[in-house]
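**Student:** Sharing a structure here in structure tokens format.
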Protein chains: 2
Amino acid sequence: MILKSQVEWALHCCAILAGLPPGRYLSTKALAELHGLPKEYLSKALQSLSQASLVETTLGPSGGYRLARSPSEINFLDIVEAVEGKSRTFTCSNIRANNPCRPKDFCDSKPCSVARIMWQADEAWRNTLKSVSLADLVDTLSEDVPADIWKNTFEWVLQRAG
Amino acid sequence: MILKSQVEWALHCCAILAGLPPGRYLSTKALAELHGLPKEYLSKALQSLSQASLVETTLGPSGGYRLARSPSEINFLDIVEAVEGKSRTFTCSNIRANNPCRPKDFCDSKPCSVARIMWQADEAWRNTLKSVSLADLVDTLSEDVPADIWKNTFEWVLQRAG
DNA sequence: CATTTGCGGATATATATTGTCCTTAATAAA
DNA sequence: TTTATTAAGGACAATATATATCCGCAAATG
């Protein structure tokens with residue numbers, strides 16, 4: 001069970017969008033070149049973000065993507081679920097129902113015990129993701145990345161934004 | 001990102017093994033028929049449990065599997081990792097290194113910020129799984145499953161254990 | 001000896017992921 | 001108005017992973 005690489009791409013792209021001057025758009029091309037990613041395929045990840053209303057888009061030259069909300073109002077779970085979908089990481093196929101010792105018409109009051117526990121773990125994962133916003137990520141990044149590299153990066157992408 | 005169905009199978013099989021009289025073995029065949037699963041493929045999941053030393057095996061008629069430790073000393077994470085592997089659910093391909101604004105020989109002191117956060121969530125997931133033992137599961141199951149069905153089930157599998 | 005069993009390898013099929021190519025419509029700049 | 005650029009999305013292909021089956025081997029049982 002490994003997350004799609006598009007999740008990683010979407011997170012890094014959102015981090016850049018979060019650091020952009022207000023109102024500016026960034027194209028798929030610029031984001032792909034910055035990260036060394038296949039433009040056409042990255043586009044699918046960005047479309048997922050768009051469908052989830054995490055980003056806004058505009059067409060034409062100097063068009064592209066920008067965040068639809070403030071970085072503090074977008075969290076990791078939003079982005080992960082936009083790309084991976086919202087379904088749980090454990091699916092219960094209810095194999096207990098195959099037990100030949102159970103009456104055929106037996107109806108369970110609760111969901112399967114195994115599933116309940118697996119879903120608790122899934123929830124713990126999601127809660128952690130939900131607790132970190134893009135604003136938090138930008139804070140961490142600007143601590144980690146040397147200031148000059150950080151600054152050059154935004155000049156570089158903005159130059160490509162027309 | 002969805003867990004393999006073998007994880008579900010392994011958990012249910014372990015639940016049965018945990019409720020078995022001490023010393024008794026249960027064959028792949030019995031476990032497969034009880035749960036309505038393909039015997040040959042379930043066998044792969046049980047082999048994973050064996051390789052992880054969660055179960056002990058013996059050959060020949062009346063052979064099969066039994067837990068290698070007491071149910072209170074085996075937790076969900078043990079079983080999940082035996083089947084899914086121990087690698088994290090998020091892999092960092094270090095795409096920040098592709099940033100053209102970074103000096104070619106730049107060496108990061110810390111792992112990628114995005115990865116650190118994703119790994120925290122992964123750890124929260126694992127910690128939850130680690131906190132629930134097979135003994136806990138058996139307790140939950142015997143609350144959920146009507147006592148007579150629970151009892152019949154073990155008579156049924158033991159009858160198939162020779 | 002004959003039967004049952006776990007184990008591992010080889011192989012086949014289905015599904016998911018990754019990636020590319022193309023058309024369309026909208027937008028902005030020249 | 002014209003041209004270039006863009007996101008959106010459909011079609012398609014390549015690759016990887018998950019699911020499943022089959023076989024032979026060695027060990028254990030009676």
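By order in the structure tokens, chains are A, B, ...; within a chain, residues start at 1; ligands start at 1, following the order shown.
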Give me the residues within 10 Å of segment 14-29 of chain D as a PyMOL selection string, counting only C-alpha atoms (C1' of nucleotides) and dropping any in the same chain fewer than 5 places off.

**Tutor:** (chain A and resi 1) or (chain B and resi 4-6+38-42+58-63) or (chain C and resi 3-20)

**Student:** Out of chain B, which residues get alpha helix (DSSP H) from DSSP, as JSON, numbers by chain?

**Tutor:** {"B": [5, 6, 7, 8, 9, 10, 11, 12, 13, 14, 15, 16, 17, 18, 28, 29, 30, 31, 32, 33, 34, 35, 39, 40, 41, 42, 43, 44, 45, 46, 47, 48, 49, 50, 51, 76, 77, 78, 79, 80, 81, 82, 83, 84, 113, 114, 115, 116, 117, 118, 119, 120, 121, 122, 123, 124, 125, 126, 127, 128, 129, 130, 134, 135, 136, 137, 138, 139, 140, 141, 142, 143, 144, 147, 148, 149, 150, 151, 152, 153, 154, 155, 156, 157, 158, 159]}

**Student:** Please determine, counting only C-alpha atoms (C1' of nucleotides), which residue among B:Gly64, B:Pro21, B:Pro111, B:Gly36 has the shortest atom-to-atom distance to chain C.

**Tutor:**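 Residue with the minimum atom-to-atom distance to chain C: B:Gly64.
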
**Student:** Write out as a PyMOL selection string the residues lying within 8 Å of segment 141-145 of chain A, counting only C-alpha atoms (C1' of nucleotides) and excluding same-chain residues fewer than 3 positions away.

**Tutor:** (chain A and resi 137-138+149-150) or (chain B and resi 110+113)

**Student:** Could you write out that same residue set with N, CA, C and O atoms as a PDB file, in the first residue's frame?

**Tutor:**
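Contents of result10.pdb, freshly written:
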ATOM      1  N   LEU A 137       3.224  24.098   6.500  1.00  0.00           N
ATOM      2  CA  LEU A 137       4.260  23.559   5.613  1.00  0.00           C
ATOM      3  C   LEU A 137       5.205  24.655   5.137  1.00  0.00           C
ATOM      4  O   LEU A 137       6.435  24.475   5.125  1.00  0.00           O
ATOM      5  N   VAL A 138       4.645  25.794   4.751  1.00  0.00           N
ATOM      6  CA  VAL A 138       5.476  26.896   4.282  1.00  0.00           C
ATOM      7  C   VAL A 138       6.425  27.360   5.394  1.00  0.00           C
ATOM      8  O   VAL A 138       7.605  27.629   5.150  1.00  0.00           O
ATOM      9  N   ILE A 149      18.037  30.411  -1.727  1.00  0.00           N
ATOM     10  CA  ILE A 149      17.463  29.423  -2.648  1.00  0.00           C
ATOM     11  C   ILE A 149      15.947  29.588  -2.718  1.00  0.00           C
ATOM     12  O   ILE A 149      15.345  29.574  -3.789  1.00  0.00           O
ATOM     13  N   TRP A 150      15.371  29.751  -1.551  1.00  0.00           N
ATOM     14  CA  TRP A 150      13.923  29.959  -1.442  1.00  0.00           C
ATOM     15  C   TRP A 150      13.492  31.173  -2.267  1.00  0.00           C
ATOM     16  O   TRP A 150      12.545  31.117  -3.042  1.00  0.00           O
TER      17      TRP A 150
ATOM     18  N   LYS B 110      18.159  17.855   6.508  1.00  0.00           N
ATOM     19  CA  LYS B 110      16.975  17.096   6.940  1.00  0.00           C
ATOM     20  C   LYS B 110      16.300  16.440   5.746  1.00  0.00           C
ATOM     21  O   LYS B 110      16.458  16.886   4.617  1.00  0.00           O
ATOM     22  N   SER B 113      10.532  18.279   3.938  1.00  0.00           N
ATOM     23  CA  SER B 113       9.474  18.684   4.876  1.00  0.00           C
ATOM     24  C   SER B 113       8.168  17.952   4.602  1.00  0.00           C
ATOM     25  O   SER B 113       7.473  17.527   5.535  1.00  0.00           O
TER      26      SER B 113
END

**Student:** Going by DSSP on the backbone, which residues of segment 49-144 of chain A come out as strand (DSSP E)? List them as a PyMOL selection string.

**Tutor:** chain A and resi 55-58+64-67

**Student:** Just the residues within 12 Å of Gln159 of chain B, please, counting only C-alpha atoms (C1' of nucleotides), with nothing from its chain fewer than 5 positions along; format it as a ChimeraX atom specification.

**Tutor:** /B:24-27,30,34,62,152-154

**Student:** Using only C-alpha atoms, find each residue of chain A with at least one atom at most 7 Å away from an atom of chain B; report its shortest atom-to-atom pair and that distance in Å (one decimal), sort the rows by chain and rising residue number, and return the result as a tab-separated table.

**Tutor:**
residue	atom	partner	partner_atom	distance
A:Met1	CA	B:Leu3	CA	5.3
A:Ile2	CA	B:Thr89	CA	4.4
A:Leu3	CA	B:Met1	CA	5.3
A:Leu34	CA	B:Asn99	CA	5.2
A:His35	CA	B:Asn98	CA	5.3
A:Gly36	CA	B:Asn98	CA	5.5
A:Glu84	CA	B:Met1	CA	6.9
A:Thr89	CA	B:Ile2	CA	4.4
A:Phe90	CA	B:Leu3	CA	5.6
A:Ile95	CA	B:His35	CA	5.7
A:Arg96	CA	B:His35	CA	6.4
A:Asn98	CA	B:His35	CA	5.3
A:Asn99	CA	B:Leu34	CA	5.2
A:Pro100	CA	B:Leu34	CA	6.6
A:Cys101	CA	B:Thr153	CA	5.7
A:Arg102	CA	B:Ile149	CA	6.1
A:Ser113	CA	B:Leu141	CA	6.3
A:Ala121	CA	B:Trp125	CA	4.8
A:Asp122	CA	B:Trp125	CA	6.2
A:Ala124	CA	B:Trp125	CA	5.6
A:Trp125	CA	B:Ala121	CA	4.8
A:Thr128	CA	B:Ala121	CA	5.2
A:Leu129	CA	B:Ala121	CA	6.0
A:Thr140	CA	B:Ser113	CA	6.6
A:Leu141	CA	B:Ser113	CA	6.3
A:Ile149	CA	B:Arg102	CA	6.1
A:Asn152	CA	B:Cys101	CA	6.2
A:Thr153	CA	B:Cys101	CA	5.7

**Student:** With N, CA and C atoms retained, export the selected residues as an mmCIF file, in the first residue's frame.

**Tutor:**
data_model
loop_
_atom_site.group_PDB
_atom_site.id
_atom_site.type_symbol
_atom_site.label_atom_id
_atom_site.label_comp_id
_atom_site.auth_asym_id
_atom_site.auth_seq_id
_atom_site.Cartn_x
_atom_site.Cartn_y
_atom_site.Cartn_z
ATOM 1 N N MET A 1 0.832 -1.196 0.000
ATOM 2 C CA MET A 1 0.000 0.000 0.000
ATOM 3 C C MET A 1 0.871 1.252 0.000
ATOM 4 N N ILE A 2 1.006 1.852 -1.145
ATOM 5 C CA ILE A 2 1.823 3.053 -1.271
ATOM 6 C C ILE A 2 0.997 4.124 -1.962
ATOM 7 N N LEU A 3 1.129 5.350 -1.484
ATOM 8 C CA LEU A 3 0.395 6.456 -2.087
ATOM 9 C C LEU A 3 0.920 6.722 -3.493
ATOM 10 N N LEU A 34 9.911 23.170 -12.717
ATOM 11 C CA LEU A 34 10.525 23.406 -11.408
ATOM 12 C C LEU A 34 10.841 22.096 -10.693
ATOM 13 N N HIS A 35 9.936 21.137 -10.811
ATOM 14 C CA HIS A 35 10.079 19.889 -10.055
ATOM 15 C C HIS A 35 10.643 18.740 -10.881
ATOM 16 N N GLY A 36 10.881 19.013 -12.165
ATOM 17 C CA GLY A 36 11.396 17.941 -13.023
ATOM 18 C C GLY A 36 10.408 16.813 -13.223
ATOM 19 N N GLU A 84 -6.070 11.048 -4.024
ATOM 20 C CA GLU A 84 -6.235 9.611 -3.766
ATOM 21 C C GLU A 84 -7.699 9.202 -3.656
ATOM 22 N N THR A 89 -8.527 3.256 3.529
ATOM 23 C CA THR A 89 -7.403 2.444 3.051
ATOM 24 C C THR A 89 -7.627 0.959 3.331
ATOM 25 N N PHE A 90 -8.619 0.642 4.138
ATOM 26 C CA PHE A 90 -8.963 -0.760 4.382
ATOM 27 C C PHE A 90 -10.400 -0.988 3.959
ATOM 28 N N ILE A 95 -15.948 -10.991 5.079
ATOM 29 C CA ILE A 95 -15.768 -12.437 4.905
ATOM 30 C C ILE A 95 -16.348 -13.237 6.059
ATOM 31 N N ARG A 96 -16.638 -12.570 7.180
ATOM 32 C CA ARG A 96 -17.284 -13.294 8.289
ATOM 33 C C ARG A 96 -18.619 -13.878 7.854
ATOM 34 N N ASN A 98 -19.191 -15.473 5.303
ATOM 35 C CA ASN A 98 -19.003 -16.769 4.644
ATOM 36 C C ASN A 98 -18.921 -17.929 5.632
ATOM 37 N N ASN A 99 -18.796 -17.608 6.896
ATOM 38 C CA ASN A 99 -18.736 -18.639 7.941
ATOM 39 C C ASN A 99 -19.956 -19.552 7.845
ATOM 40 N N PRO A 100 -19.722 -20.827 7.550
ATOM 41 C CA PRO A 100 -20.849 -21.754 7.348
ATOM 42 C C PRO A 100 -21.653 -21.994 8.625
ATOM 43 N N CYS A 101 -21.118 -21.587 9.770
ATOM 44 C CA CYS A 101 -21.833 -21.799 11.030
ATOM 45 C C CYS A 101 -22.822 -20.675 11.323
ATOM 46 N N ARG A 102 -22.834 -19.667 10.466
ATOM 47 C CA ARG A 102 -23.770 -18.570 10.679
ATOM 48 C C ARG A 102 -25.068 -18.851 9.942
ATOM 49 N N SER A 113 -15.574 -6.418 13.396
ATOM 50 C CA SER A 113 -14.623 -5.956 14.421
ATOM 51 C C SER A 113 -13.264 -5.608 13.818
ATOM 52 N N ALA A 121 -7.413 3.148 12.812
ATOM 53 C CA ALA A 121 -6.043 3.508 12.408
ATOM 54 C C ALA A 121 -6.089 4.466 11.220
ATOM 55 N N ASP A 122 -6.994 4.175 10.296
ATOM 56 C CA ASP A 122 -7.158 5.044 9.139
ATOM 57 C C ASP A 122 -7.523 6.460 9.591
ATOM 58 N N ALA A 124 -6.829 7.835 12.484
ATOM 59 C CA ALA A 124 -5.664 8.459 13.129
ATOM 60 C C ALA A 124 -4.743 9.064 12.066
ATOM 61 N N TRP A 125 -4.580 8.337 10.962
ATOM 62 C CA TRP A 125 -3.778 8.826 9.839
ATOM 63 C C TRP A 125 -4.371 10.109 9.289
ATOM 64 N N THR A 128 -4.082 13.199 11.579
ATOM 65 C CA THR A 128 -2.755 13.817 11.543
ATOM 66 C C THR A 128 -2.608 14.676 10.297
ATOM 67 N N LEU A 129 -3.057 14.143 9.173
ATOM 68 C CA LEU A 129 -2.965 14.913 7.928
ATOM 69 C C LEU A 129 -3.804 16.193 8.008
ATOM 70 N N THR A 140 7.635 25.517 7.809
ATOM 71 C CA THR A 140 8.686 24.510 7.918
ATOM 72 C C THR A 140 9.684 24.628 6.784
ATOM 73 N N LEU A 141 9.151 24.825 5.575
ATOM 74 C CA LEU A 141 10.027 24.913 4.412
ATOM 75 C C LEU A 141 10.988 26.091 4.529
ATOM 76 N N ILE A 149 18.037 30.411 -1.727
ATOM 77 C CA ILE A 149 17.463 29.423 -2.648
ATOM 78 C C ILE A 149 15.947 29.588 -2.718
ATOM 79 N N ASN A 152 15.219 32.723 -4.746
ATOM 80 C CA ASN A 152 15.486 32.504 -6.173
ATOM 81 C C ASN A 152 14.409 31.651 -6.817
ATOM 82 N N THR A 153 13.937 30.675 -6.066
ATOM 83 C CA THR A 153 12.932 29.762 -6.608
ATOM 84 C C THR A 153 11.682 30.522 -7.025
#

**Student:** So that I can see what lies close to Pro71 of chain A, please list as an MDAnalysis selection string the residues with an atom at most 8 Å from it, counting only C-alpha atoms (C1' of nucleotides) and leaving out residues fewer than 2 positions away in the same chain.

**Tutor:** chainID A and resid 18 67 69 73:75 133:135

**Student:** Near chain A, meaning an atom within 7 Å, which residues of chain C appear when counting only C-alpha atoms (C1' of nucleotides)? Write them as a PyMOL selection string.

**Tutor:** chain C and resi 19+26-28

**Student:** At a cut-off of 9 Å, which residues of chain D touch chain A? Count only C-alpha atoms (C1' of nucleotides) and give the answer as a PDB file with C-alpha atoms (C1' of nucleotides), in the first residue's frame.

**Tutor:**
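Below you can see out_16.pdb, which holds the result:
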ATOM      1  C1'  DA D   4      -0.310  32.113 -28.821  1.00  0.00           C
ATOM      2  C1'  DT D   5      -1.062  30.027 -24.499  1.00  0.00           C
ATOM      3  C1'  DT D   6      -3.587  27.679 -21.237  1.00  0.00           C
ATOM      4  C1'  DA D   7      -6.654  24.057 -18.498  1.00  0.00           C
ATOM      5  C1'  DA D   8      -9.734  20.234 -19.277  1.00  0.00           C
TER       6       DA D   8
END

**Student:** How far is it from atom CA of Glu81 of chain A to atom CA of Ile16 of chain A, in Å with one decimal?

**Tutor:**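 Straight-line distance from atom CA of Glu81 of chain A to atom CA of Ile16 of chain A works out to 19.0 Å.
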
**Student:** Can you pull out the residues contacting DG10 of chain D? Cut-off 12 Å, using only C-alpha atoms (C1' of nucleotides), and skip same-chain residues under 4 positions away; I want them as a PyMOL selection string.

**Tutor:** chain C and resi 21-24

**Student:** Limited to C-alpha atoms (C1' of nucleotides), could you put the picked residues into a file as an mmCIF file, in the first residue's frame?

**Tutor:**
data_model
loop_
_atom_site.group_PDB
_atom_site.id
_atom_site.type_symbol
_atom_site.label_atom_id
_atom_site.label_comp_id
_atom_site.auth_asym_id
_atom_site.auth_seq_id
_atom_site.Cartn_x
_atom_site.Cartn_y
_atom_site.Cartn_z
ATOM 1 C "C1'" DC C 21 -0.927 12.315 -27.301
ATOM 2 C "C1'" DC C 22 -4.639 14.808 -29.090
ATOM 3 C "C1'" DT C 23 -8.772 17.907 -29.432
ATOM 4 C "C1'" DT C 24 -11.512 21.552 -27.546
#

**Student:** Would you compute the distance between atom CA of Gly162 of chain A and atom CA of Cys13 of chain A? Give it in Å to one decimal.

**Tutor:**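 Separating atom CA of Gly162 of chain A from atom CA of Cys13 of chain A is a distance of 18.1 Å.
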
**Student:** Report, in Å to a single decimal, how far apart atom CA of Gly23 of chain A and atom CA of Val55 of chain A are.

**Tutor:** 11.7 Å
